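The next block holds one structure in the form of structure tokens; read it before the comments.
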Amino acid sequence: MRSSTIFLHAAVISLLLDAKAGAQDPPPRIGPLVVDLRGTLPKFPSLPALAGSRGLSSPEELPGRGIGVDAAVHVYPFSLGRVTVGLGGRVTLARSHRTPAQPLRAVTAHYTSMAPQLSLNFGTGDGWSYISGGIGASRWSSVPDGSLPQTADEAWARTFDYGGGARWFAKPRVAFHIDVRVHAITSGPPQATLPGSPRMQLFVMGAGVSIR
């Protein structure tokens, strides 16, 4: 999914929440502290350059869709008009496994990402949408079953994550939460006889709860 589509969805959600907020008097404020817990469905790319950087014989050995978890903490220190600014941090863990037909090998992929977050939030404390992003670091391993990780599998790379989502507080302290995000990962240097990891994007959809 293109990043422009993600921000379009976030903008539509924002307008819907603002319309609801306009009917309340007075509307509660966003925040002040929110903890997010989500299950995720990451889509691992199957790039020939990625397979080559791990010594795999074909991109068909790379896993595709996987599962994961995501946790984040946010505080909302101030507002600028109708926009509330949020600051926080996020940790993302994901895994995928694939067993292709012989003679291709089964491969397990793991992804770990940590990053600070800056968000722009639209709505009220009863429900709000947001766009957010942060620059942090991630580690991506793609290891055939029964093999040891290579140097590239244990290396950390600078990563920019960006996306948007929304929270709906059906109860005073608990909300349903959705999030759509792209993790843009920088390329890595060559390792021994293997080429470096390419620039990659990991697309992650998540849903869960927010607690304040």
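Going by the structure tokens order, chains are called A, B, ..., each with residues numbered from 1, while ligands are numbered from 1 in the order shown.
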**Request:** Pick out each residue of segment 10-101 of chain A that DSSP on the backbone tags as alpha helix (DSSP H); I need them as an NGL selection string.
**Result:** :A and (10-21 or 48-53)
**Message:** What's around Gly188 of chain A at 12 Å? Count only C-alpha atoms, leave out sequence neighbours fewer than 3 positions away in its own chain, and write the answer as a PyMOL selection string.
**Reply:** chain A and resi 49-50+53-54+138-140+151-159+185+191+194-200
Same residues, N, CA and C atoms, output as a JSON list (two decimals), in the first residue's frame:
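Saved as again_14.json:
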```
[["chain", "number", "residue", "atom", "x", "y", "z"],
["A", 49, "ALA", "N", 17.07, -9.09, -4.20],
["A", 49, "ALA", "CA", 18.27, -8.54, -3.56],
["A", 49, "ALA", "C", 18.35, -8.96, -2.09],
["A", 50, "LEU", "N", 17.21, -9.08, -1.41],
["A", 50, "LEU", "CA", 17.21, -9.52, -0.03],
["A", 50, "LEU", "C", 17.63, -10.98, 0.06],
["A", 53, "SER", "N", 21.35, -11.22, -0.36],
["A", 53, "SER", "CA", 22.12, -10.75, 0.79],
["A", 53, "SER", "C", 22.17, -11.77, 1.91],
["A", 54, "ARG", "N", 21.26, -12.77, 1.90],
["A", 54, "ARG", "CA", 21.23, -13.81, 2.92],
["A", 54, "ARG", "C", 21.71, -15.16, 2.40],
["A", 138, "SER", "N", 16.15, -0.94, 13.36],
["A", 138, "SER", "CA", 15.49, -2.23, 13.24],
["A", 138, "SER", "C", 16.51, -3.32, 12.89],
["A", 139, "ARG", "N", 16.13, -4.55, 13.20],
["A", 139, "ARG", "CA", 16.95, -5.71, 12.86],
["A", 139, "ARG", "C", 16.07, -6.73, 12.15],
["A", 140, "TRP", "N", 16.54, -7.23, 11.02],
["A", 140, "TRP", "CA", 15.76, -8.13, 10.16],
["A", 140, "TRP", "C", 16.60, -9.37, 9.89],
["A", 151, "THR", "N", 25.94, -12.47, 9.75],
["A", 151, "THR", "CA", 26.20, -11.13, 10.30],
["A", 151, "THR", "C", 25.09, -10.17, 9.93],
["A", 152, "ALA", "N", 24.60, -10.22, 8.68],
["A", 152, "ALA", "CA", 23.53, -9.32, 8.24],
["A", 152, "ALA", "C", 22.24, -9.54, 9.01],
["A", 153, "ASP", "N", 22.02, -10.77, 9.49],
["A", 153, "ASP", "CA", 20.80, -11.07, 10.24],
["A", 153, "ASP", "C", 20.81, -10.45, 11.62],
["A", 154, "GLU", "N", 21.97, -10.10, 12.13],
["A", 154, "GLU", "CA", 22.08, -9.54, 13.47],
["A", 154, "GLU", "C", 22.43, -8.06, 13.47],
["A", 155, "ALA", "N", 22.53, -7.46, 12.28],
["A", 155, "ALA", "CA", 22.89, -6.04, 12.17],
["A", 155, "ALA", "C", 21.66, -5.16, 12.34],
["A", 156, "TRP", "N", 21.85, -3.97, 12.93],
["A", 156, "TRP", "CA", 20.79, -2.99, 13.09],
["A", 156, "TRP", "C", 20.89, -1.96, 11.97],
["A", 157, "ALA", "N", 19.76, -1.53, 11.45],
["A", 157, "ALA", "CA", 19.72, -0.55, 10.36],
["A", 157, "ALA", "C", 18.81, 0.61, 10.75],
["A", 158, "ARG", "N", 19.16, 1.81, 10.31],
["A", 158, "ARG", "CA", 18.30, 2.97, 10.56],
["A", 158, "ARG", "C", 16.97, 2.78, 9.84],
["A", 159, "THR", "N", 15.88, 3.09, 10.54],
["A", 159, "THR", "CA", 14.54, 2.82, 10.01],
["A", 159, "THR", "C", 13.62, 4.00, 10.30],
["A", 185, "ILE", "N", 13.36, 0.78, 5.67],
["A", 185, "ILE", "CA", 14.63, 0.33, 6.24],
["A", 185, "ILE", "C", 15.76, 0.66, 5.28],
["A", 191, "GLN", "N", 28.61, -8.16, 3.32],
["A", 191, "GLN", "CA", 29.13, -9.00, 4.39],
["A", 191, "GLN", "C", 29.86, -10.18, 3.77],
["A", 194, "LEU", "N", 28.84, -11.89, 0.43],
["A", 194, "LEU", "CA", 27.45, -11.59, 0.09],
["A", 194, "LEU", "C", 27.25, -10.10, -0.10],
["A", 195, "PRO", "N", 26.34, -9.71, -0.99],
["A", 195, "PRO", "CA", 26.04, -8.28, -1.16],
["A", 195, "PRO", "C", 25.30, -7.75, 0.06],
["A", 196, "GLY", "N", 25.26, -6.44, 0.18],
["A", 196, "GLY", "CA", 24.56, -5.82, 1.30],
["A", 196, "GLY", "C", 23.06, -5.92, 1.17],
["A", 197, "SER", "N", 22.37, -5.77, 2.28],
["A", 197, "SER", "CA", 20.91, -5.77, 2.27],
["A", 197, "SER", "C", 20.38, -4.56, 1.50],
["A", 198, "PRO", "N", 19.32, -4.72, 0.72],
["A", 198, "PRO", "CA", 18.77, -3.59, -0.03],
["A", 198, "PRO", "C", 17.90, -2.71, 0.85],
["A", 199, "ARG", "N", 17.54, -1.54, 0.35],
["A", 199, "ARG", "CA", 16.50, -0.74, 0.99],
["A", 199, "ARG", "C", 15.19, -1.50, 0.90],
["A", 200, "MET", "N", 14.44, -1.55, 2.00],
["A", 200, "MET", "CA", 13.23, -2.36, 2.05],
["A", 200, "MET", "C", 12.12, -1.60, 2.76]]
```
**Message:** So the first atom is atom CA of Thr186 of chain A and the second is atom CA of Glu61 of chain A; what is the distance between them in Å, to one decimal place?
**Reply:** 22.0 Å
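Here atom CA of Gly66 of chain A is placed at a distance of 5.5 Å from atom CA of Arg95 of chain A.
Taking only C-alpha atoms into account, Ala166 of chain A lies nearest to A:Gly208 out of the set A:Pro26, A:Gly208, A:Gly52, A:Pro45.
Nearest-residue note for Ala94 of chain A: choosing from A:Leu148, A:Leu120, A:Leu202, A:Val107, the minimum distance belongs to A:Leu202, counting only C-alpha atoms.
Each of A:Gly125, A:Gly55, A:Gly134, A:Pro63 was checked against Arg90 of chain A using only C-alpha atoms; the smallest atom-to-atom distance is that of A:Gly134.
Between Val83 of chain A and the candidates A:Ser96, A:Ser129, A:Gln117, A:Thr112, the tightest atom-to-atom separation, counting only C-alpha atoms, involves A:Ser129.
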**Message:** Using only C-alpha atoms, can you tell me which of A:Gly146, A:Val204, A:Ile211, A:Glu60 comes closest to Ala101 of chain A?
**Reply:** A:Glu60
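Here atom CA of Val69 of chain A stands at a distance of 15.4 Å from atom CA of Phe176 of chain A.
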**Request:** Check chain A with DSSP on the backbone and list each residue it calls strand (DSSP E), as number ranges by chain.
**Result:** A: 33-43, 67-80, 83-98, 107-124, 127-144, 156-168, 174-185, 200-211
List the neighbours of segment 30-39 of chain A out to 8 Å using only C-alpha atoms; skip same-chain residues closer than 2 positions along the sequence, and give me the result as a PDB file with N, CA and C atoms, in the first residue's frame.
```pdb
ATOM      1  N   PRO A  28     -13.985  16.266  25.895  1.00  0.00           N
ATOM      2  CA  PRO A  28     -12.807  15.973  26.717  1.00  0.00           C
ATOM      3  C   PRO A  28     -11.533  16.109  25.895  1.00  0.00           C
ATOM      4  N   LEU A  41      -0.327  -7.766  11.565  1.00  0.00           N
ATOM      5  CA  LEU A  41      -0.168  -8.634  10.397  1.00  0.00           C
ATOM      6  C   LEU A  41       0.848  -7.984   9.463  1.00  0.00           C
ATOM      7  N   ILE A  67       2.941 -12.694  11.533  1.00  0.00           N
ATOM      8  CA  ILE A  67       2.193 -12.188  12.673  1.00  0.00           C
ATOM      9  C   ILE A  67       3.164 -11.446  13.585  1.00  0.00           C
ATOM     10  N   GLY A  68       2.631 -10.611  14.459  1.00  0.00           N
ATOM     11  CA  GLY A  68       3.511  -9.878  15.350  1.00  0.00           C
ATOM     12  C   GLY A  68       2.742  -9.157  16.435  1.00  0.00           C
ATOM     13  N   VAL A  69       3.474  -8.396  17.230  1.00  0.00           N
ATOM     14  CA  VAL A  69       2.900  -7.578  18.292  1.00  0.00           C
ATOM     15  C   VAL A  69       3.572  -6.209  18.241  1.00  0.00           C
ATOM     16  N   ASP A  70       2.876  -5.229  18.778  1.00  0.00           N
ATOM     17  CA  ASP A  70       3.349  -3.857  18.744  1.00  0.00           C
ATOM     18  C   ASP A  70       2.896  -3.186  20.040  1.00  0.00           C
ATOM     19  N   ALA A  71       3.818  -2.464  20.685  1.00  0.00           N
ATOM     20  CA  ALA A  71       3.474  -1.747  21.912  1.00  0.00           C
ATOM     21  C   ALA A  71       4.021  -0.332  21.834  1.00  0.00           C
ATOM     22  N   ALA A  72       3.276   0.623  22.380  1.00  0.00           N
ATOM     23  CA  ALA A  72       3.699   2.025  22.329  1.00  0.00           C
ATOM     24  C   ALA A  72       3.161   2.780  23.540  1.00  0.00           C
ATOM     25  N   VAL A  73       3.870   3.853  23.896  1.00  0.00           N
ATOM     26  CA  VAL A  73       3.455   4.754  24.964  1.00  0.00           C
ATOM     27  C   VAL A  73       3.489   6.178  24.422  1.00  0.00           C
ATOM     28  N   HIS A  74       2.450   6.962  24.704  1.00  0.00           N
ATOM     29  CA  HIS A  74       2.357   8.329  24.197  1.00  0.00           C
ATOM     30  C   HIS A  74       1.928   9.275  25.315  1.00  0.00           C
ATOM     31  N   VAL A  75       2.494  10.480  25.289  1.00  0.00           N
ATOM     32  CA  VAL A  75       2.010  11.585  26.115  1.00  0.00           C
ATOM     33  C   VAL A  75       1.642  12.723  25.178  1.00  0.00           C
ATOM     34  N   TYR A  76       0.745  13.597  25.649  1.00  0.00           N
ATOM     35  CA  TYR A  76       0.212  14.673  24.809  1.00  0.00           C
ATOM     36  C   TYR A  76       0.410  15.999  25.533  1.00  0.00           C
ATOM     37  N   PRO A  77       1.564  16.630  25.362  1.00  0.00           N
ATOM     38  CA  PRO A  77       1.922  17.792  26.192  1.00  0.00           C
ATOM     39  C   PRO A  77       1.211  19.085  25.845  1.00  0.00           C
ATOM     40  N   THR A  84      -3.523  18.232  18.466  1.00  0.00           N
ATOM     41  CA  THR A  84      -2.808  17.902  19.692  1.00  0.00           C
ATOM     42  C   THR A  84      -1.525  17.163  19.335  1.00  0.00           C
ATOM     43  N   GLY A 123      -9.252  15.303  16.980  1.00  0.00           N
ATOM     44  CA  GLY A 123     -10.475  14.793  17.578  1.00  0.00           C
ATOM     45  C   GLY A 123     -10.571  15.226  19.027  1.00  0.00           C
ATOM     46  N   THR A 124     -11.180  14.377  19.865  1.00  0.00           N
ATOM     47  CA  THR A 124     -11.328  14.652  21.292  1.00  0.00           C
ATOM     48  C   THR A 124     -10.939  13.398  22.063  1.00  0.00           C
ATOM     49  N   GLY A 125     -11.021  13.502  23.399  1.00  0.00           N
ATOM     50  CA  GLY A 125     -10.688  12.364  24.239  1.00  0.00           C
ATOM     51  C   GLY A 125     -11.612  11.178  24.086  1.00  0.00           C
ATOM     52  N   ASP A 126     -12.797  11.364  23.484  1.00  0.00           N
ATOM     53  CA  ASP A 126     -13.702  10.240  23.235  1.00  0.00           C
ATOM     54  C   ASP A 126     -13.273   9.413  22.031  1.00  0.00           C
ATOM     55  N   TRP A 128     -10.046   9.779  18.636  1.00  0.00           N
ATOM     56  CA  TRP A 128      -9.249  10.655  17.779  1.00  0.00           C
ATOM     57  C   TRP A 128      -8.437   9.854  16.783  1.00  0.00           C
ATOM     58  N   HIS A 177      -8.421   0.215  18.900  1.00  0.00           N
ATOM     59  CA  HIS A 177      -7.373   0.965  18.220  1.00  0.00           C
ATOM     60  C   HIS A 177      -6.960   0.247  16.945  1.00  0.00           C
ATOM     61  N   GLY A 206      -2.282  -3.251  12.135  1.00  0.00           N
ATOM     62  CA  GLY A 206      -2.467  -3.707  13.501  1.00  0.00           C
ATOM     63  C   GLY A 206      -3.789  -3.266  14.098  1.00  0.00           C
ATOM     64  N   ALA A 207      -4.244  -4.013  15.104  1.00  0.00           N
ATOM     65  CA  ALA A 207      -5.459  -3.660  15.833  1.00  0.00           C
ATOM     66  C   ALA A 207      -5.310  -4.157  17.254  1.00  0.00           C
ATOM     67  N   GLY A 208      -5.883  -3.420  18.201  1.00  0.00           N
ATOM     68  CA  GLY A 208      -5.772  -3.816  19.587  1.00  0.00           C
ATOM     69  C   GLY A 208      -6.490  -2.842  20.491  1.00  0.00           C
ATOM     70  N   VAL A 209      -5.900  -2.603  21.671  1.00  0.00           N
ATOM     71  CA  VAL A 209      -6.528  -1.736  22.659  1.00  0.00           C
ATOM     72  C   VAL A 209      -5.581  -0.606  23.046  1.00  0.00           C
ATOM     73  N   SER A 210      -6.156   0.499  23.459  1.00  0.00           N
ATOM     74  CA  SER A 210      -5.432   1.615  24.047  1.00  0.00           C
ATOM     75  C   SER A 210      -5.953   1.824  25.455  1.00  0.00           C
ATOM     76  N   ILE A 211      -5.037   2.061  26.394  1.00  0.00           N
ATOM     77  CA  ILE A 211      -5.397   2.238  27.814  1.00  0.00           C
ATOM     78  C   ILE A 211      -4.854   3.579  28.276  1.00  0.00           C
ATOM     79  N   ARG A 212      -5.687   4.359  28.992  1.00  0.00           N
ATOM     80  CA  ARG A 212      -5.223   5.648  29.516  1.00  0.00           C
ATOM     81  C   ARG A 212      -5.548   5.799  30.994  1.00  0.00           C
TER      82      ARG A 212
END
```
